[in-house]
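Structure record follows, encoded as structure tokens.
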Amino acid sequence: MIRYDVRHRMLAMGFAAQAGFVDAVGFMKSGGLFVSFMSGNSTRLAVGLSQGDRVGLIAAGLIALFVSGVAIGVLFAGIAGSDRKSSAAAFVALLILLGAVSGSSGLPSVAIGLLCLAMGASNAVFQRDGDVGVGVTYMTGTLVKLGYRLADAVRGRPSMQWVPYLALWLALVVGGVAGALCESRVPAGSLWIAAASSAGLALACRFVRP
């Protein structure tokens with residue numbers, strides 16, 4: 001995160017907010033599973049397996065879809081070449097749009113699956129040296145880096161490098177709050193709001209060049 005300029009940091013915060021929004025909506029629509037936070041689904045898988053609960057198998061399926069979304073997003077972005085970032089973002093927007101269409105068509109399970117694919121593919125937007133540059137759908141690593149940078153500040157090293165990590169985490173939380181509020185008040189429109197915001201992010205990627 002600290003190796004990116006301000007424009008890219010703001011864009012990463014936008015994608016983190018989108019992940020929080022979509023994950024909150026998916027969590028509420030699925031009855032307690034995640035479309036972005038795969039650590040949570042891994043715990044649900046483990047508990048489900050230990051108790052013989054069908055939810056564990058569903059969690060395993062969502063994890064598989066998420067990983068598939070990452071792989072497909074990376075491959076899709078690689079085909080796009082120099083326009084990799086905006087192409088990956090457009091692919092994410094398309095998946096969320098299809099999720100919104102599926103939800104409105106009475107296919108909630110299909111919608112949840114498409115959202116998992118989309119959240120996985122979101123991690124293909126920020127790539128560096130063939131690996132993920134900024135993890136925009138998971139925050140454990142970000143919080144660990146925040147702790148490291150706070151320790152550096154205490155030791156007299158660059159004192160403000162913890163701020164971008166805190167901002168990225170806060171963006172996800174704020175997006176999650178917005179998603180939960182939308183799903184509570186306008187459940188039929190929450191995924192369409194997510195689709196519109198993802199289209200805006202894809203457009204923004206066209207103007208934030210390397």
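In the structure tokens, each chain is lettered A, B, ... as it comes, each chain's residues begin at 1, and ligands are numbered from 1 in order of appearance.
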
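Within range 7-146 of chain A, residues classed as strand (DSSP E) by DSSP on backbone coordinates are Gln127, Arg128, Asp131 and Val132 of chain A.
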
Using only C-alpha atoms, find each residue in range 119-203 of chain A having at least one atom no more than 6 Å away from range 71-90 of chain A; report its shortest atom-to-atom pair and that distance in Å (one decimal), rows by chain then rising number, as JSON lines.
```
{"residue": "A:Ala121", "atom": "CA", "partner": "A:Gly73", "partner_atom": "CA", "distance": 4.4}
{"residue": "A:Ala124", "atom": "CA", "partner": "A:Val74", "partner_atom": "CA", "distance": 5.1}
{"residue": "A:Val125", "atom": "CA", "partner": "A:Lys85", "partner_atom": "CA", "distance": 4.9}
{"residue": "A:Ala202", "atom": "CA", "partner": "A:Ala89", "partner_atom": "CA", "distance": 4.7}
```

Restricted to all heavy atoms, what would the selected residues look like written as a tab-separated table (two decimals), in the first residue's frame?
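Now in selection.tsv:
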```
chain	number	residue	atom	x	y	z
A	121	ALA	N	-12.02	-11.96	-8.09
A	121	ALA	CA	-11.44	-11.24	-9.22
A	121	ALA	C	-10.98	-9.84	-8.85
A	121	ALA	O	-10.08	-9.28	-9.49
A	121	ALA	CB	-12.46	-11.17	-10.36
A	124	ALA	N	-7.34	-9.11	-8.56
A	124	ALA	CA	-6.50	-9.03	-9.75
A	124	ALA	C	-6.31	-7.59	-10.22
A	124	ALA	O	-5.53	-7.34	-11.14
A	124	ALA	CB	-7.12	-9.86	-10.88
A	125	VAL	N	-7.02	-6.66	-9.60
A	125	VAL	CA	-6.91	-5.25	-10.04
A	125	VAL	C	-5.55	-4.67	-9.70
A	125	VAL	O	-4.92	-4.01	-10.51
A	125	VAL	CB	-8.04	-4.42	-9.40
A	125	VAL	CG1	-7.87	-2.94	-9.75
A	125	VAL	CG2	-9.41	-4.92	-9.86
A	202	ALA	N	-14.69	0.83	-12.14
A	202	ALA	CA	-14.08	0.42	-13.40
A	202	ALA	C	-13.77	1.63	-14.28
A	202	ALA	O	-12.71	1.70	-14.93
A	202	ALA	CB	-15.00	-0.55	-14.14
```

Rounded to one decimal place, report the CA of Val25 in chain A-CA of Glu183 in chain A distance in Å.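 Distance between the two atoms: 5.8 Å.
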
DSSP helix (DSSP H, G or I) residues within range 49-174 of chain A, listed as number ranges by chain: A: 49-51, 54-104, 108-122, 140-154, 163-174

Counting only C-alpha atoms, which residue out of A:Ala16, A:Leu117, A:Leu107, A:Leu166 sits closest to Val35 in chain A? A:Leu117

Residues within 12 Å of Gly103 in chain A, only C-alpha atoms, excluding chain neighbours under 3 positions, as an mmCIF file with C-alpha atoms, in the first residue's frame:
```cif
data_model
loop_
_atom_site.group_PDB
_atom_site.id
_atom_site.type_symbol
_atom_site.label_atom_id
_atom_site.label_comp_id
_atom_site.auth_asym_id
_atom_site.auth_seq_id
_atom_site.Cartn_x
_atom_site.Cartn_y
_atom_site.Cartn_z
ATOM 1 C CA VAL A 25 -24.929 -7.808 1.562
ATOM 2 C CA GLY A 26 -23.813 -11.370 0.808
ATOM 3 C CA LYS A 29 -28.560 -12.698 2.025
ATOM 4 C CA SER A 30 -26.828 -16.030 2.686
ATOM 5 C CA ILE A 96 -21.604 -8.056 -9.820
ATOM 6 C CA LEU A 97 -24.119 -6.925 -12.452
ATOM 7 C CA LEU A 98 -24.881 -10.560 -13.277
ATOM 8 C CA GLY A 99 -25.249 -11.173 -9.541
ATOM 9 C CA ALA A 100 -27.785 -8.355 -9.318
ATOM 10 C CA GLY A 106 -35.239 -15.213 -7.918
ATOM 11 C CA LEU A 107 -31.886 -17.030 -8.051
ATOM 12 C CA PRO A 108 -30.223 -16.028 -4.773
ATOM 13 C CA SER A 109 -27.756 -18.943 -4.740
ATOM 14 C CA VAL A 110 -26.512 -18.013 -8.209
ATOM 15 C CA ALA A 111 -26.192 -14.396 -7.090
ATOM 16 C CA ILE A 112 -24.092 -15.386 -4.070
ATOM 17 C CA GLY A 113 -21.836 -17.510 -6.262
ATOM 18 C CA LEU A 114 -21.314 -14.670 -8.734
ATOM 19 C CA LEU A 115 -20.491 -12.277 -5.898
ATOM 20 C CA PRO A 187 -32.909 -5.470 -0.063
ATOM 21 C CA ALA A 188 -34.188 -5.579 -3.626
ATOM 22 C CA GLY A 189 -31.851 -2.760 -4.641
ATOM 23 C CA SER A 190 -28.679 -3.467 -2.662
ATOM 24 C CA LEU A 191 -26.985 -5.506 -5.393
ATOM 25 C CA TRP A 192 -27.943 -2.940 -8.026
ATOM 26 C CA ALA A 195 -23.292 -2.952 -9.513
#
```

Which residue out of A:Gly175, A:Gly133, A:Gly40, A:Gly69 has the minimum interatomic distance to Phe15 in chain A when only C-alpha atoms are used?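 Using only C-alpha atoms, Phe15 in chain A sits closest to A:Gly175.
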
So which one's closest to Ala196 in chain A, A:Val134, A:Met139, A:Leu168, A:Val22? Using only C-alpha atoms, please.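 Once distances to Ala196 in chain A are computed over only C-alpha atoms, the minimum belongs to A:Val22.
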
Pick out the residues sitting within 10 Å of Gly61 in chain A, and hand them over as a PyMOL selection string; count only C-alpha atoms, and ignore anything fewer than 4 positions along from it in its own chain. chain A and resi 41+45+55-57+65-66+113+116

Export of the given selection (N, CA and C atoms) as a CSV table (one decimal), in the first residue's frame:
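And here's part.csv as it stands now:
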```csv
chain,number,residue,atom,x,y,z
A,41,ASN,N,-15.2,-18.0,6.1
A,41,ASN,CA,-15.7,-19.2,5.5
A,41,ASN,C,-14.9,-20.5,5.9
A,45,LEU,N,-16.3,-23.7,7.5
A,45,LEU,CA,-16.0,-25.0,6.9
A,45,LEU,C,-15.6,-26.0,8.0
A,55,VAL,N,-23.7,-26.6,6.2
A,55,VAL,CA,-23.2,-25.2,6.0
A,55,VAL,C,-21.7,-25.3,5.7
A,56,GLY,N,-21.0,-26.3,6.3
A,56,GLY,CA,-19.6,-26.5,6.0
A,56,GLY,C,-19.3,-26.7,4.5
A,57,LEU,N,-20.2,-27.5,3.9
A,57,LEU,CA,-20.0,-27.8,2.4
A,57,LEU,C,-20.3,-26.6,1.6
A,65,LEU,N,-15.2,-21.0,-5.3
A,65,LEU,CA,-15.6,-20.0,-6.2
A,65,LEU,C,-14.7,-18.7,-6.1
A,66,PHE,N,-14.4,-18.4,-4.9
A,66,PHE,CA,-13.5,-17.2,-4.6
A,66,PHE,C,-12.1,-17.4,-5.3
A,113,GLY,N,-23.0,-16.9,-5.6
A,113,GLY,CA,-21.8,-17.5,-6.3
A,113,GLY,C,-21.1,-16.5,-7.1
A,116,CYS,N,-19.1,-14.1,-5.1
A,116,CYS,CA,-17.8,-14.7,-4.7
A,116,CYS,C,-16.8,-14.6,-5.8
```

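The closest residue to His8 in chain A, picked from A:Ser198, A:Thr43, A:Gln127, A:Ser50 and counting only C-alpha atoms, is A:Gln127.
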
Excluding Phe34 in chain A and any residue of its chain fewer than 3 positions from it, enumerate the residues within 6 Å of it, using only C-alpha atoms, and give them as a list in words.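 Those residues are Asp23, Phe27 and Phe37 of chain A.
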
Those selected residues, please, written with N, CA and C atoms and delivered as an mmCIF file, in the first residue's frame.
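Below is the file again_25.cif, written as the result:
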```cif
data_model
loop_
_atom_site.group_PDB
_atom_site.id
_atom_site.type_symbol
_atom_site.label_atom_id
_atom_site.label_comp_id
_atom_site.auth_asym_id
_atom_site.auth_seq_id
_atom_site.Cartn_x
_atom_site.Cartn_y
_atom_site.Cartn_z
ATOM 1 N N ASP A 23 -19.694 -7.800 0.740
ATOM 2 C CA ASP A 23 -19.598 -8.870 1.738
ATOM 3 C C ASP A 23 -20.728 -8.765 2.759
ATOM 4 N N PHE A 27 -23.428 -11.580 3.183
ATOM 5 C CA PHE A 27 -23.564 -12.192 4.511
ATOM 6 C C PHE A 27 -25.020 -12.234 4.944
ATOM 7 N N PHE A 37 -14.768 -12.537 2.680
ATOM 8 C CA PHE A 37 -13.919 -12.879 3.826
ATOM 9 C C PHE A 37 -13.775 -14.402 3.915
#
```

List the neighbours of Phe21 in chain A out to 7 Å using only C-alpha atoms; skip same-chain residues closer than 6 positions along the sequence, and give me the result as an NGL selection string. :A and (175-176 or 178-179)
